Amino acid sequence: MEQNNNPNKGPQMNMPRFNMNWIYGLVIIALMISYFTMGKEESSMKTKTTYSDFKTMVEKGYANEIVVNKNSSSLQMYVKPEHIRDVFHQGVQQTGKNPSVSVDIGSVDQVEQFIEKARNEGHFAGKFSYDNSKDNEFFSSLLMNILFFGGIIMVWMFIMRRMGGGAGAGFGGAGLFNVGKSKAQMYEKGGELGITFKDVAGQAGAKQEMQEIVDFLKNPQKYTDLGGKIPKGALLVGPPGTGKTLLAKAVAGEAGVPFFSMSGSDFVEMFVGVGASRVRDLFEKAKSKAPCIIFIDEIDAVGRARSKNPAMGGNDERENTLNALLTEMDGFGTNSGIITLAATNRADMLDSALMRAGRFDRQIHVDLPDLNERREVFNVHLKPLKLDENLDVDFLARQTPGFSGADIANVCNEAALIAARFNREKVGKQDFLDAVDRIIGGLEKKTKVMTEAEKRSIAIHEAGHATISWFTEFANPLVKVSIVPRGRALGAAWYLPEERVLQTKEAMLDEMCSLLGGRAAEELFIGHISTGAMNDLERTTQQAYAMVAYAGMSDKLPNVNYYNNQEYAFQKPYSETTARIMDEEVQRMIGEQYARAKDILTEHKDGHAQLAQLLVEREVIFADDVEKIFGKRPWTSRAEELLEAQQRAEAEAMAERRAKELGLLAESPEKPESPDNPESPEPGTPQD
């Protein structure tokens with residue numbers, strides 16, 4: 001058992017932190033207790049009688065205590081417990097322990113004489129006193145009501161402060177009155193964010209357009225002298241994780257002007273009219289700080305296309321907010337010096353009035369990075385990592401086609417975690433490959449129990465994918481095949497997709513054939529099919545319908561596109577007859593590729609059997625193993641040869657650049673540093 005060696009340090013106690021909510025709670029509890037208990041103390045029965053009856057009760061010995069109130073000319077007689085039933089004709093449970101009788105009196109002196117006579121005769125031996133207050137009950141009731149309603153006001157103040165965002169909301173219910181105020185975060189200087197264009201890797205075209213916006217803010221006269229107008233807004237459009245918000249932060253950091261940042265969802269509130277009020281308040285604050293930048297992230301939350309059939313009598317808060325935004329960006333009022341930036345990954349959902357020139361003059365597309373841009377992104381995210389000296393960044397960029405900047409950052413982080421998991425001192429190539437596999441396929445489930453029959457079935461299925469992709473011309477180059485369960489997949493074939501700008505019909509058919517290779521292999525070599533091909537069938541069906549309905553690649557429906565971009569369309573843009581033809585064409589297309597896959601597998605069944613057996617033995621095989629079985633892939637001129645040529649060209653260019661740098665370093669001491677020498681570089685100028 002661990003002992004505490006510090007004699008001055010006692011046992012540590014996790015004491016709760018002080019919170020003002022405790023005070024509020026204690027006050028409320030005390031008010032409730034006092035309000036309910038005080039009434040119970042005075043809950044004994046009270047009745048009123050005449051002065052003659054009062055004298056009779058005293059003479060009979062019923063009086064226990066008499067209190068005279070001189071100001072109100074009345075007295076209170078408290079009855080002895082044993083005579084309660086004689087006076088009230090009820091028991092103690094009904095009257096209470098201390099019931100009393102109230103009597104109006106004419107003269108206090110007369111009462112004093114009567115009490116003195118009763119004492120002498122032995123009829124009254126209790127306490128006789130005076131009460132000079134006007135109305136104790138009135139003041140106590142008034143006090144309790146004040147305390148009770150004061151507690152309610154304190155609770156209301158506390159709730160309003162919470163609604164207003166804490167103690168900063170001001171006095172009492174100031175938060176309620178600030179509900180229509182803008183929630184935008186303002187940075188007086190964008191440099192407070194600490195982000196510039198140097199921190200944004202890739203996206204050269206987007207950075208160039210954003211740089212012009214910075215120039216507009218820094219030197220507007222350069223453009224206005226020629227008669228031009230400063231753009232009012234720019235819309236950043238692109239898939240998630242491509243760096244739209246990062247670009248907006250970089251603009252703020254470069255421009256050095258006030259920067260207002262908020263999300264589109266901050267305009268939406270449960271109260272009607274709050275969104276429009278916040279829009280007006282935001283632009284009012286921006287006008288006072290002009291020139292400045294307003295950035296609205298995820299603008300599709302308020303900028304979606306307005307309904308063409310609004311509900312009768314309805315009041316759509318989102319539409320009101322959008323109308324206010326449209327008016328502020330380009331209405332009768334002028335917003336000179338205010339540039340509005342917005343970001344969304346759902347540009348097709350935005351209202352057409354918001355997209356027109358004069359509001360968002362520029363639409364900047366921030367696409368997924370290509371090979372060279374991925375290399376730049378990797379160089380940014382690899383800086384804080386302890387890397388192996390032999391790590392090739394170009395190899396990592398080729399292994400991550402279709403990855404966004406956020407995905408690449410996740411790859412680098414996962415690689416570092418994997419290296420730490422295995423107690424490695426540096427992050428190496430295999431860690432990054434495992435990280436890519438982890439992100440795409442999920443974590444390996446090495447403890448998943450499978451029978452030998454299931455394992456062989458999965459091996460035959462994955463070998464079918466690999467065989468078809470090896471013998472189809474436009475299929476993506478194979479990297480490796482695995483039957484180790486990952487995530488929800490029991491096995492996977494990994495490819496290195498070509499980054500094609502256009503997809504041909506032949507390439508899409510080859511991909512469909514490759515996807516159907518697993519199901520075809522099960523039917524041919526096992527004799528029955530399983531649910532392992534569900535994901536393959538889903539992707540095949542989606543691609544077939546896309547080819548028929550959108551790309552016009554069907555024989556019976558050629559060159560026709562049935563895509564409908566109307567959000568509130570209540571019917572399909574084609575008839576039921578056309579839908580039936582689509583279904584028939586999809587079934588025909590998938591059937592042809594399935595038959596083609598079975599023909600290829602039948603032709604190369606011996607190689608497929610060897611590949612499946614190798615998978616059962618090793619669980620993971622690579623393209624080199626497939627090449628040993630099937631020989632060199634017949635279709636290399638379109639994919640691998642171009643990739644190899646690009647690698648050779650990049651290696652030669654890098655070697656030439658290094659040789660040139662070494663030559664310049666060797667010759668530089670011998671060259672005179674004269675300003676007349678045109679070949680002498682200026683200090684600090686980078687040499688290529």
# chains A, B, ... in the order shown; residues from 1 in each chain; ligands from 1
>>> residues_around(residues="Ala252 (chain A)", least_positions_apart="2", cutoff="12 Å", atoms="only C-alpha atoms", output="MDAnalysis selection string")
chainID A and resid 186:197 210:211 213:215 217:218 245:250 254:261 291:295 339:341
>>> select_by_dssp(residues="region 496-645 of chain A", states="helix (DSSP H, G or I)", output="ChimeraX atom specification")
/A:505-515,517-525,531-550,576-603,605-618,623-630,640-645
>>> residues_around(residues="Ala353 (chain A)", least_positions_apart="4", cutoff="9 Å", atoms="only C-alpha atoms", output="mmCIF file with C-alpha atoms, in the first residue's frame")
data_model
loop_
_atom_site.group_PDB
_atom_site.id
_atom_site.type_symbol
_atom_site.label_atom_id
_atom_site.label_comp_id
_atom_site.auth_asym_id
_atom_site.auth_seq_id
_atom_site.Cartn_x
_atom_site.Cartn_y
_atom_site.Cartn_z
ATOM 1 C CA ALA A 305 -33.870 27.376 -51.255
ATOM 2 C CA LEU A 326 -30.459 39.026 -48.815
ATOM 3 C CA ALA A 357 -23.791 38.420 -58.521
ATOM 4 C CA ARG A 359 -24.274 39.187 -53.156
#
>>> closest_residue(among="A:Arg280, A:Lys556, A:His461, A:Lys505", to="Ser530 (chain A)", atoms="only C-alpha atoms")
A:His461
>>> atom_distance(atom1="CA of Pro573 (chain A)", atom2="CA of Ala551 (chain A)")
15.1 Å
>>> residues_around(residues="Lys429 (chain A)", least_positions_apart="4", cutoff="10 Å", atoms="only C-alpha atoms", output="list in words")
Leu387, Asp388, Glu389, Asn390, Leu391, Asp392, Val393, Phe395, Leu396, Ala415, Leu433, Asp434 and Ala435 of chain A
>>> residues_around(residues="Ser457 (chain A)", least_positions_apart="4", cutoff="12 Å", atoms="only C-alpha atoms", output="PyMOL selection string")
chain A and resi 450-453+461-464+483+490-491+518-519+521-533+609+612-613+615-616
>>> write_last_selection(atoms="N, CA and C atoms", output="PDB file, in the first residue's frame")
ATOM      1  N   MET A 450     -13.455 -17.368 -36.669  1.00  0.00           N
ATOM      2  CA  MET A 450     -14.078 -17.849 -37.901  1.00  0.00           C
ATOM      3  C   MET A 450     -13.712 -19.308 -38.108  1.00  0.00           C
ATOM      4  N   THR A 451     -14.642 -20.042 -38.660  1.00  0.00           N
ATOM      5  CA  THR A 451     -14.374 -21.436 -38.979  1.00  0.00           C
ATOM      6  C   THR A 451     -13.500 -21.511 -40.227  1.00  0.00           C
ATOM      7  N   GLU A 452     -12.915 -22.678 -40.470  1.00  0.00           N
ATOM      8  CA  GLU A 452     -12.079 -22.861 -41.653  1.00  0.00           C
ATOM      9  C   GLU A 452     -12.888 -22.703 -42.937  1.00  0.00           C
ATOM     10  N   ALA A 453     -14.157 -23.135 -42.908  1.00  0.00           N
ATOM     11  CA  ALA A 453     -14.998 -22.993 -44.099  1.00  0.00           C
ATOM     12  C   ALA A 453     -15.277 -21.522 -44.395  1.00  0.00           C
ATOM     13  N   HIS A 461     -13.729 -15.409 -52.205  1.00  0.00           N
ATOM     14  CA  HIS A 461     -14.419 -14.172 -52.582  1.00  0.00           C
ATOM     15  C   HIS A 461     -13.414 -13.072 -52.927  1.00  0.00           C
ATOM     16  N   GLU A 462     -12.454 -12.824 -52.053  1.00  0.00           N
ATOM     17  CA  GLU A 462     -11.488 -11.745 -52.294  1.00  0.00           C
ATOM     18  C   GLU A 462     -10.557 -12.084 -53.448  1.00  0.00           C
ATOM     19  N   ALA A 463     -10.215 -13.346 -53.621  1.00  0.00           N
ATOM     20  CA  ALA A 463      -9.397 -13.740 -54.771  1.00  0.00           C
ATOM     21  C   ALA A 463     -10.144 -13.500 -56.072  1.00  0.00           C
ATOM     22  N   GLY A 464     -11.474 -13.634 -56.040  1.00  0.00           N
ATOM     23  CA  GLY A 464     -12.265 -13.326 -57.223  1.00  0.00           C
ATOM     24  C   GLY A 464     -12.146 -11.862 -57.621  1.00  0.00           C
ATOM     25  N   ILE A 483      -7.742 -10.941 -45.910  1.00  0.00           N
ATOM     26  CA  ILE A 483      -8.926 -11.586 -45.361  1.00  0.00           C
ATOM     27  C   ILE A 483      -8.984 -11.400 -43.850  1.00  0.00           C
ATOM     28  N   LEU A 490     -15.317  -8.456 -43.659  1.00  0.00           N
ATOM     29  CA  LEU A 490     -14.569  -9.669 -43.323  1.00  0.00           C
ATOM     30  C   LEU A 490     -13.306  -9.810 -44.151  1.00  0.00           C
ATOM     31  N   GLY A 491     -13.198  -9.072 -45.232  1.00  0.00           N
ATOM     32  CA  GLY A 491     -12.025  -9.081 -46.097  1.00  0.00           C
ATOM     33  C   GLY A 491     -12.085  -7.891 -47.032  1.00  0.00           C
ATOM     34  N   GLY A 518     -16.393 -11.183 -56.681  1.00  0.00           N
ATOM     35  CA  GLY A 518     -16.497 -11.967 -55.453  1.00  0.00           C
ATOM     36  C   GLY A 518     -17.707 -12.871 -55.447  1.00  0.00           C
ATOM     37  N   ARG A 519     -18.886 -12.340 -55.825  1.00  0.00           N
ATOM     38  CA  ARG A 519     -20.100 -13.162 -55.875  1.00  0.00           C
ATOM     39  C   ARG A 519     -19.964 -14.255 -56.935  1.00  0.00           C
ATOM     40  N   ALA A 521     -17.208 -15.717 -57.957  1.00  0.00           N
ATOM     41  CA  ALA A 521     -16.290 -16.748 -57.472  1.00  0.00           C
ATOM     42  C   ALA A 521     -16.978 -17.673 -56.480  1.00  0.00           C
ATOM     43  N   GLU A 522     -17.834 -17.124 -55.617  1.00  0.00           N
ATOM     44  CA  GLU A 522     -18.568 -17.973 -54.681  1.00  0.00           C
ATOM     45  C   GLU A 522     -19.456 -18.961 -55.425  1.00  0.00           C
ATOM     46  N   GLU A 523     -20.166 -18.490 -56.442  1.00  0.00           N
ATOM     47  CA  GLU A 523     -21.081 -19.374 -57.165  1.00  0.00           C
ATOM     48  C   GLU A 523     -20.338 -20.455 -57.940  1.00  0.00           C
ATOM     49  N   LEU A 524     -19.182 -20.099 -58.526  1.00  0.00           N
ATOM     50  CA  LEU A 524     -18.445 -21.055 -59.361  1.00  0.00           C
ATOM     51  C   LEU A 524     -17.694 -22.089 -58.530  1.00  0.00           C
ATOM     52  N   PHE A 525     -16.993 -21.637 -57.474  1.00  0.00           N
ATOM     53  CA  PHE A 525     -16.033 -22.509 -56.802  1.00  0.00           C
ATOM     54  C   PHE A 525     -16.508 -23.010 -55.436  1.00  0.00           C
ATOM     55  N   ILE A 526     -17.607 -22.477 -54.915  1.00  0.00           N
ATOM     56  CA  ILE A 526     -18.162 -22.980 -53.661  1.00  0.00           C
ATOM     57  C   ILE A 526     -19.486 -23.691 -53.897  1.00  0.00           C
ATOM     58  N   GLY A 527     -20.243 -23.209 -54.856  1.00  0.00           N
ATOM     59  CA  GLY A 527     -21.522 -23.827 -55.176  1.00  0.00           C
ATOM     60  C   GLY A 527     -22.702 -23.132 -54.548  1.00  0.00           C
ATOM     61  N   HIS A 528     -22.470 -22.160 -53.693  1.00  0.00           N
ATOM     62  CA  HIS A 528     -23.558 -21.377 -53.111  1.00  0.00           C
ATOM     63  C   HIS A 528     -23.046 -19.961 -52.859  1.00  0.00           C
ATOM     64  N   ILE A 529     -23.979 -19.032 -52.715  1.00  0.00           N
ATOM     65  CA  ILE A 529     -23.622 -17.633 -52.509  1.00  0.00           C
ATOM     66  C   ILE A 529     -23.945 -17.243 -51.071  1.00  0.00           C
ATOM     67  N   SER A 530     -23.333 -16.117 -50.606  1.00  0.00           N
ATOM     68  CA  SER A 530     -23.484 -15.682 -49.219  1.00  0.00           C
ATOM     69  C   SER A 530     -23.780 -14.183 -49.180  1.00  0.00           C
ATOM     70  N   THR A 531     -23.939 -13.684 -47.961  1.00  0.00           N
ATOM     71  CA  THR A 531     -24.221 -12.252 -47.771  1.00  0.00           C
ATOM     72  C   THR A 531     -22.954 -11.403 -47.797  1.00  0.00           C
ATOM     73  N   GLY A 532     -21.813 -12.008 -48.062  1.00  0.00           N
ATOM     74  CA  GLY A 532     -20.564 -11.249 -48.059  1.00  0.00           C
ATOM     75  C   GLY A 532     -20.464 -10.241 -49.182  1.00  0.00           C
ATOM     76  N   ALA A 533     -21.330 -10.358 -50.202  1.00  0.00           N
ATOM     77  CA  ALA A 533     -21.255  -9.460 -51.360  1.00  0.00           C
ATOM     78  C   ALA A 533     -22.262  -8.315 -51.270  1.00  0.00           C
ATOM     79  N   ALA A 609      -7.413 -20.434 -57.828  1.00  0.00           N
ATOM     80  CA  ALA A 609      -7.307 -21.401 -56.737  1.00  0.00           C
ATOM     81  C   ALA A 609      -5.995 -21.219 -55.973  1.00  0.00           C
ATOM     82  N   ALA A 612      -6.328 -18.064 -53.839  1.00  0.00           N
ATOM     83  CA  ALA A 612      -7.159 -18.278 -52.660  1.00  0.00           C
ATOM     84  C   ALA A 612      -6.412 -19.080 -51.596  1.00  0.00           C
ATOM     85  N   GLN A 613      -5.663 -20.117 -52.021  1.00  0.00           N
ATOM     86  CA  GLN A 613      -4.898 -20.920 -51.069  1.00  0.00           C
ATOM     87  C   GLN A 613      -3.816 -20.089 -50.392  1.00  0.00           C
ATOM     88  N   LEU A 615      -3.962 -16.927 -49.845  1.00  0.00           N
ATOM     89  CA  LEU A 615      -4.653 -16.044 -48.896  1.00  0.00           C
ATOM     90  C   LEU A 615      -4.975 -16.775 -47.601  1.00  0.00           C
ATOM     91  N   VAL A 616      -5.400 -18.030 -47.712  1.00  0.00           N
ATOM     92  CA  VAL A 616      -5.716 -18.806 -46.514  1.00  0.00           C
ATOM     93  C   VAL A 616      -4.470 -18.983 -45.660  1.00  0.00           C
TER      94      VAL A 616
END
>>> closest_residue(among="A:Ser129, A:Ser554, A:Met144, A:Ser107", to="Gln587 (chain A)", atoms="only C-alpha atoms")
A:Ser554
>>> select_by_dssp(residues="region 316-506 of chain A", states="strand (DSSP E or B)", output="tab-separated table (two decimals) with N, CA, C and O atoms, in the first residue's frame")
chain	number	residue	atom	x	y	z
A	338	ILE	N	-17.56	46.17	-46.45
A	338	ILE	CA	-17.86	44.89	-45.81
A	338	ILE	C	-17.81	43.79	-46.86
A	338	ILE	O	-18.52	43.86	-47.87
A	339	ILE	N	-16.98	42.80	-46.65
A	339	ILE	CA	-16.91	41.64	-47.53
A	339	ILE	C	-17.42	40.43	-46.76
A	339	ILE	O	-16.94	40.14	-45.65
A	340	THR	N	-18.38	39.74	-47.32
A	340	THR	CA	-18.99	38.58	-46.68
A	340	THR	C	-18.42	37.31	-47.27
A	340	THR	O	-18.51	37.09	-48.49
A	341	LEU	N	-17.84	36.49	-46.44
A	341	LEU	CA	-17.37	35.17	-46.84
A	341	LEU	C	-18.31	34.12	-46.24
A	341	LEU	O	-18.80	34.29	-45.12
A	342	ALA	N	-18.55	33.07	-47.00
A	342	ALA	CA	-19.40	31.99	-46.51
A	342	ALA	C	-18.84	30.67	-47.01
A	342	ALA	O	-18.14	30.62	-48.03
A	343	ALA	N	-19.13	29.61	-46.29
A	343	ALA	CA	-18.64	28.27	-46.65
A	343	ALA	C	-19.78	27.28	-46.57
A	343	ALA	O	-20.64	27.37	-45.69
A	344	THR	N	-19.79	26.35	-47.50
A	344	THR	CA	-20.80	25.29	-47.51
A	344	THR	C	-20.29	24.13	-48.35
A	344	THR	O	-19.46	24.31	-49.24
A	350	LEU	N	-28.58	25.84	-51.95
A	350	LEU	CA	-28.72	27.25	-51.63
A	350	LEU	C	-29.73	27.93	-52.54
A	350	LEU	O	-29.95	27.51	-53.68
A	362	ARG	N	-18.37	35.88	-56.14
A	362	ARG	CA	-17.42	34.84	-56.51
A	362	ARG	C	-17.78	33.54	-55.81
A	362	ARG	O	-18.12	33.53	-54.63
A	363	GLN	N	-17.69	32.48	-56.57
A	363	GLN	CA	-17.82	31.13	-56.01
A	363	GLN	C	-16.48	30.44	-56.17
A	363	GLN	O	-16.05	30.15	-57.28
A	364	ILE	N	-15.82	30.22	-55.05
A	364	ILE	CA	-14.47	29.64	-55.05
A	364	ILE	C	-14.60	28.16	-54.70
A	364	ILE	O	-15.06	27.81	-53.61
A	365	HIS	N	-14.21	27.31	-55.61
A	365	HIS	CA	-14.32	25.87	-55.43
A	365	HIS	C	-13.05	25.35	-54.74
A	365	HIS	O	-11.94	25.51	-55.26
A	387	LEU	N	9.89	11.37	-37.46
A	387	LEU	CA	9.76	10.48	-38.62
A	387	LEU	C	11.02	9.67	-38.84
A	387	LEU	O	12.14	10.08	-38.48
A	427	VAL	N	8.15	7.28	-36.28
A	427	VAL	CA	7.01	6.87	-37.10
A	427	VAL	C	7.53	6.50	-38.47
A	427	VAL	O	8.17	7.31	-39.15
A	444	GLU	N	-8.35	-3.65	-37.25
A	444	GLU	CA	-8.28	-5.09	-37.42
A	444	GLU	C	-8.92	-5.81	-36.24
A	444	GLU	O	-8.70	-5.45	-35.09
A	478	LEU	N	-4.00	-3.15	-58.48
A	478	LEU	CA	-4.14	-3.83	-57.20
A	478	LEU	C	-2.94	-3.55	-56.31
A	478	LEU	O	-1.79	-3.54	-56.77
A	479	VAL	N	-3.19	-3.31	-55.02
A	479	VAL	CA	-2.12	-3.09	-54.05
A	479	VAL	C	-1.94	-4.32	-53.18
A	479	VAL	O	-0.86	-4.88	-53.07
A	480	LYS	N	-3.02	-4.77	-52.54
A	480	LYS	CA	-2.94	-5.96	-51.70
A	480	LYS	C	-4.34	-6.51	-51.49
A	480	LYS	O	-5.34	-5.84	-51.74
A	481	VAL	N	-4.40	-7.74	-51.03
A	481	VAL	CA	-5.65	-8.42	-50.72
A	481	VAL	C	-5.53	-8.98	-49.31
A	481	VAL	O	-4.50	-9.55	-48.95
A	482	SER	N	-6.58	-8.80	-48.50
A	482	SER	CA	-6.54	-9.23	-47.11
A	482	SER	C	-7.84	-9.92	-46.75
A	482	SER	O	-8.91	-9.55	-47.23
A	486	ARG	N	-11.89	-6.29	-40.79
A	486	ARG	CA	-11.70	-4.88	-40.42
A	486	ARG	C	-13.07	-4.23	-40.37
A	486	ARG	O	-13.80	-4.26	-41.35
A	489	ALA	N	-16.25	-5.29	-42.41
A	489	ALA	CA	-15.85	-6.12	-43.56
A	489	ALA	C	-15.03	-7.31	-43.07
A	489	ALA	O	-14.18	-7.19	-42.19
A	492	ALA	N	-10.97	-7.60	-47.70
A	492	ALA	CA	-10.94	-6.43	-48.57
A	492	ALA	C	-9.82	-6.58	-49.58
A	492	ALA	O	-8.79	-7.21	-49.31
A	493	ALA	N	-10.04	-5.99	-50.76
A	493	ALA	CA	-9.01	-5.86	-51.78
A	493	ALA	C	-8.69	-4.38	-51.92
A	493	ALA	O	-9.58	-3.56	-52.12
A	494	TRP	N	-7.42	-4.05	-51.79
A	494	TRP	CA	-6.99	-2.65	-51.79
A	494	TRP	C	-6.43	-2.30	-53.16
A	494	TRP	O	-5.60	-3.01	-53.72
A	495	TYR	N	-6.89	-1.15	-53.68
A	495	TYR	CA	-6.46	-0.71	-55.00
A	495	TYR	C	-5.85	0.69	-54.89
A	495	TYR	O	-6.03	1.40	-53.90
>>> residues_around(residues="Leu322 (chain A)", least_positions_apart="2", cutoff="12 Å", atoms="only C-alpha atoms", output="tab-separated table (two decimals) with N, CA and C atoms, in the first residue's frame")
chain	number	residue	atom	x	y	z
A	264	GLY	N	-23.96	29.42	-39.41
A	264	GLY	CA	-25.30	29.65	-39.92
A	264	GLY	C	-26.37	29.25	-38.93
A	267	PHE	N	-28.03	31.84	-36.27
A	267	PHE	CA	-29.13	32.73	-36.60
A	267	PHE	C	-30.48	32.13	-36.21
A	268	VAL	N	-30.54	30.81	-36.16
A	268	VAL	CA	-31.80	30.13	-35.95
A	268	VAL	C	-32.07	30.01	-34.46
A	273	GLY	N	-38.59	35.70	-35.40
A	273	GLY	CA	-38.01	36.99	-35.70
A	273	GLY	C	-36.62	37.20	-35.16
A	274	VAL	N	-36.10	36.25	-34.37
A	274	VAL	CA	-34.79	36.42	-33.78
A	274	VAL	C	-33.70	36.33	-34.84
A	275	GLY	N	-33.84	35.40	-35.79
A	275	GLY	CA	-32.83	35.23	-36.83
A	275	GLY	C	-32.63	36.49	-37.65
A	276	ALA	N	-33.72	37.09	-38.11
A	276	ALA	CA	-33.62	38.32	-38.89
A	276	ALA	C	-33.02	39.45	-38.05
A	277	SER	N	-33.38	39.51	-36.77
A	277	SER	CA	-32.83	40.54	-35.90
A	277	SER	C	-31.33	40.38	-35.73
A	278	ARG	N	-30.87	39.14	-35.62
A	278	ARG	CA	-29.43	38.90	-35.46
A	278	ARG	C	-28.68	39.24	-36.74
A	279	VAL	N	-29.28	38.99	-37.89
A	279	VAL	CA	-28.63	39.37	-39.16
A	279	VAL	C	-28.45	40.88	-39.21
A	280	ARG	N	-29.50	41.63	-38.89
A	280	ARG	CA	-29.41	43.09	-38.93
A	280	ARG	C	-28.39	43.60	-37.92
A	299	ILE	N	-23.41	28.04	-44.27
A	299	ILE	CA	-24.49	28.97	-44.56
A	299	ILE	C	-25.74	28.26	-45.04
A	300	ASP	N	-25.65	27.00	-45.41
A	300	ASP	CA	-26.84	26.28	-45.87
A	300	ASP	C	-27.87	26.12	-44.75
A	301	ALA	N	-27.47	26.36	-43.48
A	301	ALA	CA	-28.44	26.29	-42.38
A	301	ALA	C	-29.52	27.35	-42.51
A	302	VAL	N	-29.20	28.50	-43.11
A	302	VAL	CA	-30.19	29.56	-43.28
A	302	VAL	C	-30.40	29.94	-44.74
A	303	GLY	N	-29.53	29.46	-45.64
A	303	GLY	CA	-29.60	29.88	-47.03
A	303	GLY	C	-30.21	28.88	-47.98
A	304	ARG	N	-30.90	27.87	-47.45
A	304	ARG	CA	-31.50	26.88	-48.33
A	304	ARG	C	-32.61	27.49	-49.17
A	305	ALA	N	-32.87	26.85	-50.32
A	305	ALA	CA	-33.87	27.38	-51.26
A	305	ALA	C	-35.22	27.50	-50.57
A	306	ARG	N	-35.88	28.63	-50.79
A	306	ARG	CA	-37.18	28.87	-50.18
A	306	ARG	C	-38.26	28.03	-50.83
A	307	SER	N	-39.24	27.65	-50.03
A	307	SER	CA	-40.31	26.77	-50.50
A	307	SER	C	-41.17	27.49	-51.53
A	316	ASP	N	-42.37	31.02	-41.59
A	316	ASP	CA	-41.14	30.25	-41.62
A	316	ASP	C	-40.00	31.13	-41.14
A	317	GLU	N	-39.45	30.79	-39.98
A	317	GLU	CA	-38.38	31.60	-39.41
A	317	GLU	C	-37.14	31.57	-40.29
A	318	ARG	N	-36.85	30.43	-40.91
A	318	ARG	CA	-35.66	30.33	-41.76
A	318	ARG	C	-35.78	31.22	-42.99
A	319	GLU	N	-36.96	31.30	-43.57
A	319	GLU	CA	-37.15	32.16	-44.73
A	319	GLU	C	-37.02	33.64	-44.34
A	320	ASN	N	-37.55	34.01	-43.18
A	320	ASN	CA	-37.40	35.39	-42.73
A	320	ASN	C	-35.94	35.76	-42.52
A	324	ALA	N	-33.77	38.60	-44.65
A	324	ALA	CA	-32.99	39.66	-44.01
A	324	ALA	C	-31.54	39.64	-44.50
A	325	LEU	N	-30.99	38.44	-44.67
A	325	LEU	CA	-29.61	38.32	-45.16
A	325	LEU	C	-29.49	38.85	-46.59
A	326	LEU	N	-30.47	38.53	-47.44
A	326	LEU	CA	-30.46	39.03	-48.81
A	326	LEU	C	-30.52	40.55	-48.85
A	327	THR	N	-31.35	41.13	-48.01
A	327	THR	CA	-31.50	42.59	-47.98
A	327	THR	C	-30.24	43.27	-47.49
A	328	GLU	N	-29.60	42.70	-46.47
A	328	GLU	CA	-28.40	43.32	-45.92
A	328	GLU	C	-27.23	43.23	-46.89
A	329	MET	N	-27.13	42.13	-47.64
A	329	MET	CA	-26.00	41.97	-48.55
A	329	MET	C	-26.13	42.85	-49.78
A	350	LEU	N	-28.58	25.84	-51.95
A	350	LEU	CA	-28.72	27.25	-51.63
A	350	LEU	C	-29.73	27.93	-52.54
A	351	ASP	N	-30.31	29.00	-52.04
A	351	ASP	CA	-31.30	29.75	-52.80
A	351	ASP	C	-30.61	30.51	-53.93
A	352	SER	N	-31.27	30.57	-55.08
A	352	SER	CA	-30.68	31.22	-56.25
A	352	SER	C	-30.48	32.72	-56.03
A	353	ALA	N	-31.34	33.35	-55.24
A	353	ALA	CA	-31.18	34.77	-54.98
A	353	ALA	C	-29.92	35.05	-54.16
A	354	LEU	N	-29.51	34.09	-53.36
A	354	LEU	CA	-28.29	34.27	-52.56
A	354	LEU	C	-27.04	34.09	-53.40
>>> atom_distance(atom1="CA of Lys445 (chain A)", atom2="CA of Leu611 (chain A)")
22.5 Å
>>> residues_around(residues="Asp131 (chain A)", least_positions_apart="3", cutoff="7 Å", atoms="only C-alpha atoms", output="number ranges by chain")
A: 67-70
>>> write_last_selection(atoms="all heavy atoms", output="compact mmCIF listing (two decimals), in the first residue's frame")
# COMPACT_ATOMS: atom_id res chain seq x y z
N VAL A 67 -55.02 38.37 26.10
CA VAL A 67 -54.14 39.39 25.52
C VAL A 67 -55.03 40.51 25.01
O VAL A 67 -55.92 40.28 24.18
CB VAL A 67 -53.29 38.82 24.37
CG1 VAL A 67 -52.39 39.91 23.79
CG2 VAL A 67 -52.44 37.65 24.87
N VAL A 68 -54.79 41.74 25.52
CA VAL A 68 -55.59 42.91 25.14
C VAL A 68 -54.80 43.76 24.17
O VAL A 68 -53.63 44.09 24.42
CB VAL A 68 -55.99 43.72 26.39
CG1 VAL A 68 -56.75 44.98 25.97
CG2 VAL A 68 -56.81 42.88 27.34
N ASN A 69 -55.42 44.11 23.03
CA ASN A 69 -54.82 45.00 22.04
C ASN A 69 -55.51 46.35 22.16
O ASN A 69 -56.66 46.52 21.78
CB ASN A 69 -55.01 44.42 20.63
CG ASN A 69 -54.15 45.14 19.60
OD1 ASN A 69 -53.98 46.37 19.69
ND2 ASN A 69 -53.64 44.40 18.64
N LYS A 70 -54.80 47.34 22.73
CA LYS A 70 -55.39 48.65 22.98
C LYS A 70 -55.71 49.39 21.70
O LYS A 70 -56.69 50.13 21.62
CB LYS A 70 -54.45 49.48 23.85
CG LYS A 70 -54.22 48.91 25.25
CD LYS A 70 -53.30 49.81 26.04
CE LYS A 70 -53.09 49.26 27.45
NZ LYS A 70 -52.19 50.13 28.25
>>> atom_distance(atom1="CA of Ala579 (chain A)", atom2="CA of Asn559 (chain A)")
15.8 Å
>>> closest_residue(among="A:Asp510, A:Glu59, A:Asp297, A:Glu454", to="Ala597 (chain A)", atoms="only C-alpha atoms")
A:Asp510
